[in-house]
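Participant: I have a structure I would like to understand better, so I am pasting it below and will then ask my questions one at a time.
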Amino acid sequence: MKATVIAIAAILLVGSITTFASAEGVTDSLQAELEKCAEIKKAYERLNCERDVKDKITAKYYKENSQPVEIGPVTYYWPGFDTEGNTFGISSSGQAMLNLRILVENTGSSQNESLFCTGPAVCNYDVSDGDKEYKYSGMDFTNGQVVLKPGQSKIFNMFFGANIGGGGTTFEYDSGKDYHFRINEPFGSGSIPLNLGWALFFYFLIISSDS
């Protein structure tokens, strides 16, 4: 079953942004750019060059493997659970655990756009099962926001699980309900369907194959 997971050609951590792409997803031109960076003598210039190219690779992968969700001037790309950073499972204690990694891009504004999430009780993002709203247990917004310059893309991560207080909630899974990741920003609102039932089936299939 593991062989069905998308092959990862590169997994490179830059701050809170993980950059990766499938072997077929990295174009020759981007690979050439990355190789050219290695020729730069000064370390900081070389690292900056590599970071910029890795960000391009990340954006390319997400865009080619996601159904874009346009909300106002910002487009959200979520590639699903068969990708790095996106997982769903149940712990040995029965706690449902959901990790989401999403690419966002300022595609429709000539000015900076900001995504806000300062705490579980004050956050423009949550997960809903149609009846209940679940607040995050962990996220990586810098100072409570993700700022996007015109044309810029970034990745953010969110985790839903145990209640961490501060207006938080305990994430629960009910196989009879449909779950959505919800966006409610001043510039617009919308949601991304998560298909947790399929993700859980995939999770237990991998667990059984390891045992």
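Chain labels follow the order of the structure tokens: the first chain is A, the next B, and so on; residue numbering restarts at 1 in every chain, and ligands are counted from 1 in their shown order.
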Just list as a PyMOL selection string whatever in segment 17-84 of chain A DSSP marks as helix (DSSP H, G or I).
Facilitator: chain A and resi 28-37+43-64
Participant: Please list as a PyMOL selection string every residue within 10 Å of Asn124 of chain A, counting only C-alpha atoms and excluding residues in the same chain fewer than 4 positions away.
Facilitator: chain A and resi 115-120+135+182-186+189
Participant: Using DSSP on the backbone coordinates, identify the residues of chain A assigned to strand (DSSP E); present them as a short mmCIF file (atom, residue, chain, number, x, y, z; two decimals) with C-alpha atoms, in the first residue's frame.
Facilitator:
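Writing the result to states_31.cif gives the following:
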data_model
loop_
_atom_site.label_atom_id
_atom_site.label_comp_id
_atom_site.auth_asym_id
_atom_site.auth_seq_id
_atom_site.Cartn_x
_atom_site.Cartn_y
_atom_site.Cartn_z
CA ALA A 10 12.81 16.03 -2.33
CA ILE A 11 11.75 16.86 1.23
CA LEU A 12 13.45 20.05 2.36
CA LEU A 13 12.53 22.02 5.47
CA VAL A 14 12.86 25.82 5.25
CA ILE A 17 7.64 25.64 4.97
CA THR A 18 8.19 22.10 3.74
CA THR A 19 9.10 21.92 0.08
CA PHE A 20 8.59 18.73 -1.88
CA ALA A 21 7.49 17.45 -5.28
CA VAL A 69 -10.49 27.03 -3.92
CA GLU A 70 -10.70 30.74 -4.70
CA ILE A 71 -11.86 32.93 -1.83
CA VAL A 74 -6.61 34.36 -2.13
CA THR A 75 -6.50 30.86 -3.64
CA TYR A 76 -6.19 27.81 -1.38
CA TYR A 77 -4.59 24.56 -2.58
CA THR A 87 -2.66 12.93 7.83
CA PHE A 88 -5.68 11.66 9.75
CA GLY A 89 -5.76 8.87 12.30
CA ILE A 90 -6.93 7.69 15.72
CA ALA A 96 -8.87 11.70 16.51
CA MET A 97 -5.83 13.51 15.06
CA LEU A 98 -5.95 15.63 11.92
CA ASN A 99 -2.94 17.34 10.32
CA LEU A 100 -3.47 19.75 7.42
CA ARG A 101 -0.88 21.46 5.24
CA ILE A 102 -2.28 24.02 2.78
CA LEU A 103 -0.76 26.31 0.16
CA VAL A 104 -2.22 29.81 -0.08
CA GLU A 105 -1.50 32.34 -2.82
CA ASN A 106 -2.41 35.97 -3.33
CA GLU A 113 -3.46 40.14 2.04
CA SER A 114 -3.34 38.68 5.57
CA LEU A 115 -4.72 35.44 7.00
CA PHE A 116 -5.52 35.66 10.71
CA CYS A 117 -5.41 33.11 13.52
CA THR A 118 -4.21 34.31 16.92
CA GLY A 119 -5.65 31.58 19.16
CA VAL A 122 -9.89 33.90 17.70
CA CYS A 123 -9.12 32.19 14.42
CA TYR A 125 -10.04 28.76 10.33
CA ASP A 126 -11.67 25.67 11.84
CA VAL A 127 -13.08 22.25 10.97
CA SER A 128 -16.81 21.51 10.98
CA GLU A 133 -17.03 23.45 15.07
CA TYR A 134 -13.56 22.25 16.04
CA GLY A 138 -1.62 23.58 16.88
CA MET A 139 -0.68 25.91 14.01
CA GLN A 145 -1.05 35.85 10.73
CA VAL A 146 0.22 34.82 7.30
CA VAL A 147 0.96 37.82 5.10
CA LEU A 148 0.87 37.37 1.32
CA SER A 153 2.42 31.87 -2.05
CA LYS A 154 3.08 30.30 1.36
CA ILE A 155 2.26 27.10 3.21
CA PHE A 156 0.62 26.90 6.62
CA ASN A 157 0.03 23.92 8.91
CA MET A 158 -2.81 23.18 11.34
CA PHE A 159 -3.39 20.31 13.73
CA PHE A 160 -6.73 19.27 15.28
CA HIS A 180 -14.90 20.47 6.00
CA PHE A 181 -11.99 22.81 6.64
CA ARG A 182 -13.61 26.22 6.87
CA ILE A 183 -12.22 29.64 5.93
CA ASN A 184 -13.86 32.81 7.23
CA GLU A 185 -11.66 35.80 6.40
CA GLY A 188 -14.33 36.03 1.87
CA SER A 189 -15.41 32.64 3.19
CA GLY A 190 -15.59 29.09 1.92
CA SER A 191 -14.64 25.51 2.75
CA ILE A 192 -12.59 22.52 1.62
CA PRO A 193 -14.13 19.01 1.88
#
Participant: With distances taken over only C-alpha atoms, which residue among A:Ile164, A:Trp78, A:Glu84, A:Pro73 lies nearest Pro150 of chain A?
Facilitator: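 Among A:Ile164, A:Trp78, A:Glu84, A:Pro73, it is A:Pro73 that comes nearest to Pro150 of chain A.
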